[in-house]
Amino acid sequence: MRKRMYIFLIIIVMILFSGCDEFSLPEEMIQKPNMEKKITVAQKVVDELPSTFELILPRNIQNSAAINYADLTGDGEDELIAIYKMKDKLNEYMIGILKEYMGTWEKLDFIDGVALNIQDIIFKDINNDGKEEIIIKWLEENKKLRVEVYSEKNRNMFTRFENKCDEVKIIDLDNDNIDDIVLFNIDEDGQVIATLYNIENSESINSIIIPSDGNVRSILANSGKATKDINGIFVDVPIGIYSGYTELLIKKDGKLAKVFSEGEKDFGITKSEFFTNDADVDKDEIREINILYQEKLFDEESNNQNPIIQKWYNWNGLRGLTHKVDIYYDQANAFRFYLPKEWKDNYVMEVNESGYMKYMFIYDKETYPDNKIELARLMVIDDSYIDKFNKNASEAGRKYSVIGKNNRKTFFFYNNKNDSRIKKELKVDDEIIKTNFEILR
């Protein structure tokens with residue numbers, strides 16, 4: 001395989017200056033930064049690729065493409081990294097690395113591997129030496145990930161780190177400008193074990209058990225800011241069939257530590273009735289924890305339903321949470337509504353859906369259900385029913401405001417702010433309702 005790889009890299013070097021000007025490179029095949037500047041070189045790789053080879057995309061195309069550019073040597077100039085395989089070899093993959101020397105592209109090195117596929121490739125300077133590393137996640141037949149980290153030294157790539165896991169996150173947890181590697185493994189008993197590694201010597205620092213019900217087969221893990229100054233890893237763990245919770249991992253006194261749970265069966269304060277995942281929901285670069293909540297049906301005589309509400313929280317820096325926002329998400333009609341902060345913990349929503357209409361009634365929680373004081377109302381009306389809806393609204397003397405249109409549906413709202421029964425602190429302006437309503441396209 002190495003001989004074939006060497007021959008192929010020689011072919012690449014030759015074709016880069018063959019004068020071929022015709023190209024039709026799909027944009028998804030090349031890494032986006034500086035694409036216009038380097039697309040010609042990349043296109044020649046594509047056009048002259050021998051028929052026995054094919055460029056491939058990693059399964060996760062967010063971090064890399066089939067042809068990439070990264071500064072692996074730290075000289076300020078990017079190397080070209082191509083990902084490909086032989087067509088008749090199902091599980092053999094190759095990564096060729098070319099470097100430009102005085103206008104001529106030469107082979108720097110190559111990496112090969114056997115796996116079901118390449119799950120992901122990341123280019124990142126993880127030890128702050130000015131050189132980007134190549135981080136490869138190989139998916140093996142047992143569905144485990146083989147994580148390999150390659151660095152450049154003396155014009156050769158060497159393996160800095162290699163291990164197997166179910167999930168991996170690489171992030172600078174303690175703001176020392178050196179990334180930490182955390183591997184997650186799910187054992188035969190369904191326990192989730194997180195292990196922190198030193199990137200410089202590949203040695204493990206400590207391991208912790210993330211609480212589970214013993215039946216976990218997969219997890220979701222996301223890294224990012226837990227507060228303005230603290231980075232963390234958010235681990236979303238399923239419990240049973242429907243439920244779940246989120247654990248937050250940080251680095252404390254040089255070791256990996258849990259924030260919310262204490263014992264191996266303690267799911268902490270983030271347990272949710274329904275499994276969900278964390279996200280930066282308000283785009284402030286700090287991740288929020290999502291706890292799905294469904295109000296108990298107080299009004300048993302009503303034909304309406306109490307919907308599931310997304311309640312989003314930030315970590316408060318200690319062992320608690322700070323409420324951020326409540327969101328009603330309607331997947332079928334492709335919209336979300338951010339409940340105004342004035343209504344926090346003071347509202348109940350009922351939903352009624354029939355035929356061409358869907359109503360969302362929002363009531364004052366204090367008087368509900370004995371005395372239903374409506375704060376506002378959202379409506380989704382099929383365009384085929386608009387004329388009849390407007391006629392009925394006119395006859396009832398109620399004026400609705402259009403908030404948006406999408407997919408042959410019109411969205412309305414009614415703000416009951418002029419009702420004297422509503423407390424002053426629960427009244428919101430129309431503009432707040434409009435701003436908090438988002439159509440998903």
# chains A, B, ... in the order shown; residues from 1 in each chain; ligands from 1
$ residues_around --residues "Thr322 of chain A" --least-positions-apart "5" --cutoff "9 Å" --atoms "only C-alpha atoms" --output "list in words"
Trp312, Tyr313, Asn314, Trp315 and Asn316 of chain A
$ select_by_dssp --residues "segment 259-355 of chain A" --states "strand (DSSP E or B)" --output "PyMOL selection string"
chain A and resi 272+279+286+288-294+305+308-315+321-330+335-339+347-354
$ write_last_selection --atoms "C-alpha atoms" --output "short mmCIF file (atom, residue, chain, number, x, y, z; two decimals), in the first residue's frame"
data_model
loop_
_atom_site.label_atom_id
_atom_site.label_comp_id
_atom_site.auth_asym_id
_atom_site.auth_seq_id
_atom_site.Cartn_x
_atom_site.Cartn_y
_atom_site.Cartn_z
CA SER A 272 -35.38 15.93 32.12
CA ALA A 279 -26.89 23.99 22.84
CA ILE A 286 -22.07 30.07 26.29
CA GLU A 288 -27.23 26.21 27.77
CA ILE A 289 -28.72 23.06 29.31
CA ASN A 290 -32.16 22.04 28.05
CA ILE A 291 -34.68 20.52 30.47
CA LEU A 292 -37.88 19.54 28.67
CA TYR A 293 -40.96 20.13 30.77
CA GLN A 294 -44.65 19.36 30.32
CA GLN A 305 -53.34 19.90 25.64
CA ILE A 308 -43.77 20.29 26.09
CA ILE A 309 -41.72 23.40 26.82
CA GLN A 310 -37.95 23.68 26.41
CA LYS A 311 -36.59 25.29 29.57
CA TRP A 312 -33.01 26.46 29.04
CA TYR A 313 -30.52 27.14 31.85
CA ASN A 314 -26.94 28.31 32.28
CA TRP A 315 -24.56 26.87 34.83
CA LEU A 321 -28.48 26.64 37.37
CA THR A 322 -29.65 30.06 36.26
CA HIS A 323 -32.78 30.23 34.10
CA LYS A 324 -32.15 31.67 30.64
CA VAL A 325 -35.26 31.25 28.50
CA ASP A 326 -38.33 29.07 27.85
CA ILE A 327 -39.04 28.05 24.25
CA TYR A 328 -42.09 26.52 22.63
CA TYR A 329 -40.90 24.59 19.58
CA ASP A 330 -43.33 23.46 16.88
CA PHE A 335 -41.42 27.77 14.19
CA ARG A 336 -40.25 28.47 17.71
CA PHE A 337 -41.49 31.02 20.22
CA TYR A 338 -39.29 32.39 22.97
CA LEU A 339 -41.56 33.03 25.95
CA TYR A 347 -47.69 31.14 32.60
CA VAL A 348 -49.46 28.00 31.42
CA MET A 349 -49.83 27.16 27.74
CA GLU A 350 -52.65 25.17 26.20
CA VAL A 351 -52.68 23.97 22.59
CA ASN A 352 -55.70 23.16 20.46
CA GLU A 353 -55.27 21.76 16.96
CA SER A 354 -58.05 20.82 14.56
#
$ closest_residue --among "A:Val380, A:Val46, A:Leu249, A:Cys165" --to "Arg319 of chain A" --atoms "only C-alpha atoms"
A:Leu249
$ select_by_dssp --residues "segment 174-383 of chain A" --states "helix (DSSP H, G or I)" --output "PDB file with N, CA and C atoms, in the first residue's frame"
ATOM      1  N   GLY A 268     -28.537  14.364  39.445  1.00  0.00           N
ATOM      2  CA  GLY A 268     -28.433  15.792  39.685  1.00  0.00           C
ATOM      3  C   GLY A 268     -29.678  16.578  39.329  1.00  0.00           C
ATOM      4  N   ILE A 269     -29.498  17.882  39.183  1.00  0.00           N
ATOM      5  CA  ILE A 269     -30.633  18.793  39.001  1.00  0.00           C
ATOM      6  C   ILE A 269     -31.010  18.990  37.543  1.00  0.00           C
ATOM      7  N   THR A 270     -30.322  18.334  36.630  1.00  0.00           N
ATOM      8  CA  THR A 270     -30.593  18.560  35.206  1.00  0.00           C
ATOM      9  C   THR A 270     -31.439  17.456  34.583  1.00  0.00           C
ATOM     10  N   LYS A 341     -39.478  37.018  28.976  1.00  0.00           N
ATOM     11  CA  LYS A 341     -38.939  36.826  30.332  1.00  0.00           C
ATOM     12  C   LYS A 341     -39.912  37.306  31.398  1.00  0.00           C
ATOM     13  N   GLU A 342     -40.826  38.215  31.015  1.00  0.00           N
ATOM     14  CA  GLU A 342     -41.820  38.695  31.982  1.00  0.00           C
ATOM     15  C   GLU A 342     -42.762  37.581  32.431  1.00  0.00           C
ATOM     16  N   TRP A 343     -42.894  36.541  31.621  1.00  0.00           N
ATOM     17  CA  TRP A 343     -43.821  35.450  31.946  1.00  0.00           C
ATOM     18  C   TRP A 343     -43.142  34.298  32.674  1.00  0.00           C
ATOM     19  N   ASP A 383     -53.584  28.658   4.766  1.00  0.00           N
ATOM     20  CA  ASP A 383     -53.992  29.751   3.878  1.00  0.00           C
ATOM     21  C   ASP A 383     -55.328  29.492   3.195  1.00  0.00           C
TER      22      ASP A 383
END
$ atom_distance --atom1 "atom CA of Asp278 of chain A" --atom2 "atom CA of Lys225 of chain A"
11.8 Å
$ closest_residue --among "A:Tyr101, A:Phe53, A:Trp138, A:Phe123" --to "Lys87 of chain A" --atoms "only C-alpha atoms"
A:Phe53
$ closest_residue --among "A:Phe413, A:Phe260, A:Phe437, A:Tyr356" --to "Leu375 of chain A" --atoms "only C-alpha atoms"
A:Phe413
$ atom_distance --atom1 "atom CA of Asp430 of chain A" --atom2 "atom CA of Ser401 of chain A"
9.1 Å
$ closest_residue --among "A:Asn175, A:Gln191, A:Asn306, A:Thr73" --to "Arg155 of chain A" --atoms "only C-alpha atoms"
A:Thr73
$ atom_distance --atom1 "atom CA of Pro58 of chain A" --atom2 "atom CA of Lys38 of chain A"
20.3 Å
$ residues_around --residues "Thr159 of chain A" --least-positions-apart "5" --cutoff "8 Å" --atoms "only C-alpha atoms" --output "list in words"
Glu148, Val149, Tyr150 and Ser151 of chain A
$ residues_around --residues "Leu426 of chain A" --least-positions-apart "5" --cutoff "12 Å" --atoms "only C-alpha atoms" --output "ChimeraX atom specification"
/A:339-347,362-366,373-376,415-421
$ write_last_selection --atoms "C-alpha atoms" --output "compact mmCIF listing (two decimals), in the first residue's frame"
# COMPACT_ATOMS: atom_id res chain seq x y z
CA LEU A 339 -41.56 33.03 25.95
CA PRO A 340 -41.03 36.62 27.17
CA LYS A 341 -38.94 36.83 30.33
CA GLU A 342 -41.82 38.70 31.98
CA TRP A 343 -43.82 35.45 31.95
CA LYS A 344 -41.10 33.29 33.52
CA ASP A 345 -42.72 30.72 35.87
CA ASN A 346 -45.98 32.67 35.62
CA TYR A 347 -47.69 31.14 32.60
CA ILE A 362 -51.09 31.44 27.14
CA TYR A 363 -52.68 32.01 30.57
CA ASP A 364 -51.74 33.59 33.88
CA LYS A 365 -50.62 30.62 35.97
CA GLU A 366 -51.71 32.11 39.31
CA ILE A 373 -56.92 35.01 32.28
CA GLU A 374 -55.37 34.99 28.82
CA LEU A 375 -52.04 36.77 28.40
CA ALA A 376 -51.68 36.18 24.68
CA ASN A 415 -51.84 40.35 22.76
CA ASN A 416 -54.29 40.72 25.64
CA LYS A 417 -52.21 43.42 27.35
CA ASN A 418 -55.19 45.78 27.68
CA ASP A 419 -57.08 43.39 29.95
CA SER A 420 -57.30 45.11 33.35
CA ARG A 421 -57.12 41.75 35.13
$ residues_around --residues "Glu92 of chain A" --least-positions-apart "4" --cutoff "8 Å" --atoms "only C-alpha atoms" --output "NGL selection string"
:A and (85-86 or 112-115)
$ write_last_selection --atoms "N, CA and C atoms" --output "PDB file, in the first residue's frame"
ATOM      1  N   LYS A  85      -9.046   7.045  -1.258  1.00  0.00           N
ATOM      2  CA  LYS A  85      -8.933   5.600  -1.102  1.00  0.00           C
ATOM      3  C   LYS A  85      -8.891   4.948  -2.472  1.00  0.00           C
ATOM      4  N   MET A  86      -8.426   3.707  -2.501  1.00  0.00           N
ATOM      5  CA  MET A  86      -8.503   2.925  -3.730  1.00  0.00           C
ATOM      6  C   MET A  86      -9.919   2.377  -3.863  1.00  0.00           C
ATOM      7  N   ASP A 112      -1.880   6.343   6.476  1.00  0.00           N
ATOM      8  CA  ASP A 112      -2.852   5.373   5.981  1.00  0.00           C
ATOM      9  C   ASP A 112      -3.507   4.671   7.162  1.00  0.00           C
ATOM     10  N   GLY A 113      -4.680   4.111   6.921  1.00  0.00           N
ATOM     11  CA  GLY A 113      -5.395   3.440   7.989  1.00  0.00           C
ATOM     12  C   GLY A 113      -6.473   2.526   7.452  1.00  0.00           C
ATOM     13  N   VAL A 114      -6.848   1.550   8.261  1.00  0.00           N
ATOM     14  CA  VAL A 114      -7.912   0.610   7.926  1.00  0.00           C
ATOM     15  C   VAL A 114      -9.061   0.825   8.901  1.00  0.00           C
ATOM     16  N   ALA A 115     -10.264   1.050   8.367  1.00  0.00           N
ATOM     17  CA  ALA A 115     -11.435   1.296   9.210  1.00  0.00           C
ATOM     18  C   ALA A 115     -12.682   1.197   8.348  1.00  0.00           C
TER      19      ALA A 115
END
$ closest_residue --among "A:Leu440, A:Ala226, A:Ile219, A:Ile178" --to "Glu200 of chain A" --atoms "only C-alpha atoms"
A:Ile178
$ residues_around --residues "segment 144-147 of chain A" --least-positions-apart "5" --cutoff "9 Å" --atoms "only C-alpha atoms" --output "count of residues only"
16
$ closest_residue --among "A:Phe158, A:Tyr197, A:Phe184, A:Phe411" --to "Asn333 of chain A" --atoms "only C-alpha atoms"
A:Phe411
$ residues_around --residues "Asp78 of chain A" --least-positions-apart "6" --cutoff "10 Å" --atoms "only C-alpha atoms" --output "VMD selection string"
chain A and resid 68 to 72 98 to 100 132
